[in-house]
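K.L.:
The structure is given below, and queries will be raised subsequently.
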Amino acid sequence: MFLLRLLLKNAFRHKLRTGLTLIGLVVAICAFGLLRTIVDAWYAGVEASSSTRLVTRSSISLTFQLPLNYAQRIRAVEGVRAISWANWFGGVYITERNFFPQFAIDPASYLALYPEYLIADAEKLAFFRDRQGAVVGRGLAKKFGWQIGDPIPLRGTIYPGTWTFNLRAIYDGVDAKTDENQMFVHWSFINESLRQSARRRADAVGVYIVGIDEPNNAALISQRIDALFANSLAETLSETEKAFQLSFVSMSEAILVAIQAVSFIIVVIIMAVMANTMTMTARERLAEYATLKALGFPPAFVVGLLYGESLLIAGIGGVLGVAATLPLSAAFARATGTLFPVFQVSPLTMSLQLLAAAIVGIVAAAWPAWRMSRIDIVDGLRHVA
Amino acid sequence: MSTDPASPLIRIRGLSKGYRRGDQVIPVLLDLDMDVAAGEFVALMGPSGSGKSTLLNLIAGIDKPSSGTIEIGGVDIAELSEGELADWRAANVGFVFQFYNLLPVLSAQDNVELPLLLTGLSSRQRAERARLVLGLVGLADRADHYPNELSGGQQQRVAIARALVSDPLLIVADEPTGDLDRVTGEEILGLLEQLVVEMGKTIVMVTHDPKAAARARRLVHLEKGVLVDEVGA
């Protein structure tokens, strides 16, 4: 208790200096956490992907579609247990600022492949029955205040015209990683319309989602599927859902690396600020440390005092920084809307924030502690005079 | 520390100390011999640069001699390692400094308690002992006060209490009245005298003030690193 009291009193001896250092620490730890959360959010789709799902798309580009009749041939491939498909709808709800992902899907087969979307049976049935129906994630419904039965008008960009869908179901994610900001509509409803207005574009699929029986066979099954359509007019590229999601992330990899680098640079900067604080502190207390050594306290005691004080300040800054990250990340998520479907500070990020604070505390005290452990008592005592 | 009544508490023989400055060694103490009996109150005097503070530092075990021996209670402290010396100081030496050297963030009580952290005493025992010693120096009612809430004389009393609390045989005082007015200085000297007379402490004090030195039982005068005069030996 005595030593803890001494550490606390020493830490707040210069309230302004400690306060400013703490503010710097809180800002740095908070920024570190937010930047890491942004990176995590980018990878959220990858994290949420299933190892038992493959994605088969055109080998040329995602913008090229595949014939609908591939479905039966893929289903017949050994190791494939289910198949579904989806098209990117790309509609605009009122204004472009309200962006959220919309997919035209084959409802029954698609939702069977995505058990992470939890829908009440009655709502699911209502969605299946209404070919103009739509299902949205809870987050999206909350954001726009949608209720079951509401009409949702979308201005088509890929599929021209104004499309009005009836909200028939709202899904909840099975866990925090599940994206609750998507909308699903009936592929057949869009396709029928295309058959009348743009026949050439009908019966085409953006991607096939392939359910496989054994994750270890993913590569083999992918090869089998792609071999099936080799040298055809629409060759395929099959990969795991994770790899498919990563291909999107890799487009922004340079930005992600930069964000990660900045998050570490911030920690290094606050480390230098904190080291400066501790060095000033140690220099001011030279005579006190010399007195302690004269009284018989070993150098390790002085080292312990400096490390204790540094870790105490860093610890307080770390905890406050983590605490500040939570409301700030929530505000950030609100401000960015559906840009980051899953934006949550993970326990790993919080642990890393605390670890960063501890490292700052340890590194900041290293030099002054080493110096003070070696001070000559006589020189130190003279310092006061 | 063993204290044979027949032998002096401090026995210094052939003590030399020099400081290196570049290639040069500047001598401060030259082949000095000196004894201090247990229970003596010795004042070291001399002009600036005479080596009195260096001698005090060597006796206190916070500096190392270039050559010679310093036996205190039969232990040649010149031979001790840094760690052993720290332990020895904690057990045997009480320090009184000119500027008190109290920790400003600790109350008088906590400052006095500080050296007891190096003992095996419980926190309750430490607190009791510190209160007792503060009572001895007349500051029982100021135990919760911080150094900046105390006068210079009171701070020096706290420092004396801190020097006394681990019950050392030897107290070293470096200009203990140097920062105090005449009346307060007299009070502090009276307190030091009391420690010698009533508690049998041995005090070695450095002072510039002849009146302060006159309160000691023995006056040792140094000049250019050698003993030139002794009064009251």
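Residues in the structure tokens are numbered from 1 in each chain, the chains being A, B, ... in the order shown, and ligands are numbered from 1 in the order shown.
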Need to verify the contact set: Met350 of chain A, 12 Å, only C-alpha atoms, exclusion of same-chain residues closer than 6 positions in sequence. Can you return it as a PyMOL selection string?
P.N.:
chain A and resi 29-37+318-326+344+356-357
K.L.:
Restrict the distance test to only C-alpha atoms, flag each residue of chain B within 9 Å of chain A, and return the flagged residues as a PyMOL selection string.
P.N.:
chain B and resi 54+57+60-63+82-83+85-91+93-95+97-99+101-103+105-106+110+114-115+117-118+123+163
K.L.:
With a distance cut-off of 9 Å and only C-alpha atoms, select the neighbouring residues of Ala108 of chain A, excluding the residue or stretch itself and same-chain residues fewer than 5 positions from it, and output the selection as JSON, numbers by chain.
P.N.:
{"A": [84, 113, 128]}
K.L.:
What would the file look like if the residues just selected were written as a compact mmCIF listing (two decimals), in the first residue's frame with N, CA and C atoms?
P.N.:
```txt
# COMPACT_ATOMS: atom_id res chain seq x y z
N SER A 84 -26.71 -22.55 -55.36
CA SER A 84 -27.63 -21.43 -55.49
C SER A 84 -26.92 -20.34 -56.30
N LEU A 113 -28.26 -22.23 -47.98
CA LEU A 113 -26.80 -22.21 -47.93
C LEU A 113 -26.25 -21.20 -46.91
N PHE A 128 -40.94 -16.13 -49.50
CA PHE A 128 -40.93 -17.12 -50.58
C PHE A 128 -42.16 -16.95 -51.49
```
K.L.:
Which distance in Å separates atom CA of His208 of chain B and atom CA of Asn148 of chain B, to one decimal?
P.N.:
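Atom CA of Asn148 of chain B lies 26.2 Å from atom CA of His208 of chain B.
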K.L.:
One number please: atom CA of Ala140 of chain B to atom CA of Val158 of chain B, in Å, one decimal.
P.N.:
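Separation between atom CA of Ala140 of chain B and atom CA of Val158 of chain B: 10.1 Å.
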K.L.:
For the structure I just gave you, how does DSSP split segment 64-260 of chain A - specifically, which residues are alpha helix (DSSP H)? Reply as an MDAnalysis selection string.
P.N.:
chainID A and resid 70:75 107:113 121:129 138:144 187:197 218:228 241:250 253:260
K.L.:
Go ahead and compute the interatomic distance for atom CA of Pro176 of chain B and atom CA of Leu58 of chain B, in Å to one decimal.
P.N.:
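Going from atom CA of Pro176 of chain B over to atom CA of Leu58 of chain B, I get 17.6 Å.
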K.L.:
Identify, with DSSP run on backbone atoms, the residues in segment 15-252 of chain A assigned to strand (DSSP E or B), and express the list as a CSV table (one decimal) with N, CA and C atoms, in the first residue's frame.
P.N.:
```
chain,number,residue,atom,x,y,z
A,53,ARG,N,-18.4,-23.3,-48.5
A,53,ARG,CA,-19.1,-22.6,-49.6
A,53,ARG,C,-18.0,-22.2,-50.6
A,54,LEU,N,-18.3,-22.5,-51.9
A,54,LEU,CA,-17.4,-22.0,-53.0
A,54,LEU,C,-18.2,-21.0,-53.8
A,55,VAL,N,-17.5,-20.1,-54.4
A,55,VAL,CA,-18.1,-19.1,-55.3
A,55,VAL,C,-17.6,-19.4,-56.7
A,56,THR,N,-18.5,-19.6,-57.6
A,56,THR,CA,-18.1,-19.8,-59.0
A,56,THR,C,-18.6,-18.6,-59.8
A,57,ARG,N,-17.6,-18.0,-60.5
A,57,ARG,CA,-18.0,-16.8,-61.3
A,57,ARG,C,-17.3,-16.9,-62.7
A,58,SER,N,-17.5,-15.9,-63.5
A,58,SER,CA,-16.9,-15.9,-64.8
A,58,SER,C,-15.4,-15.7,-64.6
A,66,LEU,N,-22.8,-15.7,-66.0
A,66,LEU,CA,-22.8,-17.1,-66.4
A,66,LEU,C,-24.2,-17.6,-66.8
A,67,PRO,N,-24.3,-18.6,-67.7
A,67,PRO,CA,-25.7,-19.1,-68.0
A,67,PRO,C,-26.3,-19.8,-66.8
A,80,VAL,N,-20.3,-31.8,-54.5
A,80,VAL,CA,-21.2,-30.6,-54.4
A,80,VAL,C,-22.5,-31.1,-53.7
A,81,ARG,N,-22.9,-30.5,-52.7
A,81,ARG,CA,-24.1,-30.9,-52.0
A,81,ARG,C,-25.3,-30.0,-52.2
A,82,ALA,N,-25.0,-28.7,-52.6
A,82,ALA,CA,-26.1,-27.7,-52.9
A,82,ALA,C,-25.6,-26.6,-53.8
A,83,ILE,N,-26.5,-26.0,-54.5
A,83,ILE,CA,-26.1,-24.9,-55.3
A,83,ILE,C,-27.2,-23.8,-55.3
A,84,SER,N,-26.7,-22.6,-55.4
A,84,SER,CA,-27.6,-21.4,-55.5
A,84,SER,C,-26.9,-20.3,-56.3
A,85,TRP,N,-27.6,-19.3,-56.5
A,85,TRP,CA,-27.0,-18.2,-57.3
A,85,TRP,C,-27.5,-16.8,-56.9
A,86,ALA,N,-26.7,-15.8,-57.3
A,86,ALA,CA,-27.1,-14.5,-56.9
A,86,ALA,C,-26.6,-13.5,-58.0
A,87,ASN,N,-27.4,-12.4,-58.1
A,87,ASN,CA,-26.9,-11.3,-59.0
A,87,ASN,C,-26.8,-10.0,-58.2
A,88,TRP,N,-25.8,-9.3,-58.5
A,88,TRP,CA,-25.7,-8.0,-57.8
A,88,TRP,C,-26.8,-7.1,-58.5
A,92,VAL,N,-30.6,2.0,-56.3
A,92,VAL,CA,-30.4,3.2,-55.4
A,92,VAL,C,-31.7,3.5,-54.7
A,102,GLN,N,-27.5,-5.1,-52.5
A,102,GLN,CA,-28.7,-5.8,-52.8
A,102,GLN,C,-28.4,-6.9,-53.7
A,103,PHE,N,-29.0,-8.1,-53.5
A,103,PHE,CA,-28.7,-9.2,-54.3
A,103,PHE,C,-30.1,-9.8,-54.7
A,104,ALA,N,-30.1,-10.2,-56.0
A,104,ALA,CA,-31.2,-11.0,-56.5
A,104,ALA,C,-30.8,-12.5,-56.3
A,105,ILE,N,-31.6,-13.2,-55.6
A,105,ILE,CA,-31.3,-14.6,-55.2
A,105,ILE,C,-32.4,-15.5,-55.5
A,117,TYR,N,-28.2,-16.4,-41.6
A,117,TYR,CA,-29.2,-15.4,-41.6
A,117,TYR,C,-30.5,-16.0,-41.0
A,118,LEU,N,-30.8,-15.5,-39.8
A,118,LEU,CA,-31.9,-16.1,-39.1
A,118,LEU,C,-33.2,-15.3,-39.4
A,133,GLY,N,-41.3,-9.8,-53.2
A,133,GLY,CA,-40.9,-9.6,-51.8
A,133,GLY,C,-39.4,-9.4,-51.6
A,134,ALA,N,-39.1,-8.9,-50.4
A,134,ALA,CA,-37.7,-8.6,-50.1
A,134,ALA,C,-37.4,-9.0,-48.7
A,135,VAL,N,-36.2,-9.4,-48.4
A,135,VAL,CA,-35.8,-9.6,-47.0
A,135,VAL,C,-34.5,-8.7,-46.8
A,136,VAL,N,-34.5,-8.0,-45.6
A,136,VAL,CA,-33.4,-7.2,-45.3
A,136,VAL,C,-32.8,-7.5,-43.9
A,137,GLY,N,-31.6,-7.1,-43.7
A,137,GLY,CA,-31.0,-7.3,-42.4
A,137,GLY,C,-31.6,-6.4,-41.4
A,151,PRO,N,-43.3,-0.9,-48.6
A,151,PRO,CA,-42.8,-1.0,-50.0
A,151,PRO,C,-41.4,-0.3,-50.0
A,152,ILE,N,-40.5,-0.9,-50.7
A,152,ILE,CA,-39.1,-0.3,-50.8
A,152,ILE,C,-38.8,0.0,-52.3
A,153,PRO,N,-38.9,1.2,-52.7
A,153,PRO,CA,-38.6,1.5,-54.1
A,153,PRO,C,-37.1,1.7,-54.3
A,154,LEU,N,-36.6,1.0,-55.4
A,154,LEU,CA,-35.2,1.1,-55.7
A,154,LEU,C,-35.1,1.6,-57.2
A,155,ARG,N,-34.2,2.5,-57.4
A,155,ARG,CA,-34.0,2.9,-58.8
A,155,ARG,C,-32.9,2.0,-59.4
A,156,GLY,N,-33.2,1.3,-60.4
A,156,GLY,CA,-32.2,0.3,-60.9
A,156,GLY,C,-31.1,1.0,-61.7
A,161,GLY,N,-35.0,1.1,-64.6
A,161,GLY,CA,-36.4,1.3,-64.2
A,161,GLY,C,-36.5,1.4,-62.7
A,162,THR,N,-37.7,1.6,-62.2
A,162,THR,CA,-37.9,1.7,-60.8
A,162,THR,C,-38.6,0.4,-60.3
A,163,TRP,N,-38.0,-0.2,-59.3
A,163,TRP,CA,-38.4,-1.5,-58.8
A,163,TRP,C,-39.0,-1.2,-57.4
A,164,THR,N,-40.1,-1.7,-57.2
A,164,THR,CA,-40.7,-1.6,-55.8
A,164,THR,C,-40.8,-3.0,-55.2
A,165,PHE,N,-40.2,-3.2,-54.1
A,165,PHE,CA,-40.2,-4.5,-53.4
A,165,PHE,C,-41.0,-4.4,-52.1
A,166,ASN,N,-41.6,-5.5,-51.7
A,166,ASN,CA,-42.4,-5.5,-50.5
A,166,ASN,C,-41.5,-6.1,-49.4
A,167,LEU,N,-41.4,-5.4,-48.3
A,167,LEU,CA,-40.6,-6.0,-47.2
A,167,LEU,C,-41.4,-7.1,-46.6
A,168,ARG,N,-40.9,-8.4,-46.7
A,168,ARG,CA,-41.6,-9.5,-46.2
A,168,ARG,C,-40.9,-10.2,-45.0
A,169,ALA,N,-39.6,-9.9,-44.9
A,169,ALA,CA,-38.9,-10.6,-43.8
A,169,ALA,C,-37.7,-9.7,-43.4
A,170,ILE,N,-37.3,-9.9,-42.1
A,170,ILE,CA,-36.1,-9.2,-41.6
A,170,ILE,C,-35.2,-10.3,-41.0
A,171,TYR,N,-34.0,-10.3,-41.4
A,171,TYR,CA,-33.1,-11.4,-40.8
A,171,TYR,C,-32.2,-10.8,-39.7
A,172,ASP,N,-31.9,-11.7,-38.8
A,172,ASP,CA,-30.8,-11.3,-37.8
A,172,ASP,C,-29.6,-12.2,-38.1
A,173,GLY,N,-28.5,-11.6,-37.8
A,173,GLY,CA,-27.2,-12.3,-37.9
A,173,GLY,C,-27.1,-13.3,-36.8
A,183,MET,N,-29.8,-6.6,-48.6
A,183,MET,CA,-31.2,-6.8,-49.0
A,183,MET,C,-31.2,-7.9,-50.0
A,184,PHE,N,-32.2,-8.8,-49.9
A,184,PHE,CA,-32.3,-9.9,-50.9
A,184,PHE,C,-33.7,-9.8,-51.6
A,185,VAL,N,-33.7,-10.0,-52.9
A,185,VAL,CA,-35.0,-10.0,-53.6
A,185,VAL,C,-35.0,-11.3,-54.5
A,186,HIS,N,-36.1,-11.5,-55.1
A,186,HIS,CA,-36.3,-12.7,-55.9
A,186,HIS,C,-35.5,-12.5,-57.3
A,204,ALA,N,-29.4,-15.2,-66.8
A,204,ALA,CA,-27.9,-15.1,-66.5
A,204,ALA,C,-27.7,-14.9,-65.0
A,205,VAL,N,-26.6,-15.4,-64.6
A,205,VAL,CA,-26.3,-15.4,-63.1
A,205,VAL,C,-25.0,-14.7,-62.9
A,207,VAL,N,-23.1,-14.9,-59.8
A,207,VAL,CA,-22.2,-15.9,-59.2
A,207,VAL,C,-23.0,-17.1,-58.8
A,208,TYR,N,-22.4,-18.2,-58.8
A,208,TYR,CA,-23.0,-19.4,-58.2
A,208,TYR,C,-22.4,-19.6,-56.8
A,209,ILE,N,-23.2,-19.9,-55.9
A,209,ILE,CA,-22.7,-20.3,-54.5
A,209,ILE,C,-22.9,-21.8,-54.4
A,210,VAL,N,-21.8,-22.5,-54.2
A,210,VAL,CA,-21.8,-23.9,-54.2
A,210,VAL,C,-21.5,-24.5,-52.8
A,211,GLY,N,-22.4,-25.2,-52.3
A,211,GLY,CA,-22.2,-25.9,-51.0
A,211,GLY,C,-21.5,-27.2,-51.2
A,212,ILE,N,-20.4,-27.3,-50.4
A,212,ILE,CA,-19.6,-28.6,-50.6
A,212,ILE,C,-19.7,-29.4,-49.3
A,236,THR,N,-15.3,-20.6,-66.2
A,236,THR,CA,-15.6,-20.3,-64.8
A,236,THR,C,-14.3,-20.2,-64.0
A,237,LEU,N,-14.4,-19.5,-62.9
A,237,LEU,CA,-13.4,-19.5,-61.9
A,237,LEU,C,-14.0,-19.8,-60.5
A,238,SER,N,-13.6,-20.9,-60.0
A,238,SER,CA,-14.2,-21.3,-58.7
A,238,SER,C,-13.2,-21.1,-57.6
A,239,GLU,N,-13.6,-20.7,-56.4
A,239,GLU,CA,-12.7,-20.5,-55.3
A,239,GLU,C,-13.5,-20.5,-54.0
A,240,THR,N,-12.8,-20.6,-52.9
A,240,THR,CA,-13.6,-20.6,-51.7
A,240,THR,C,-14.2,-19.2,-51.4
```
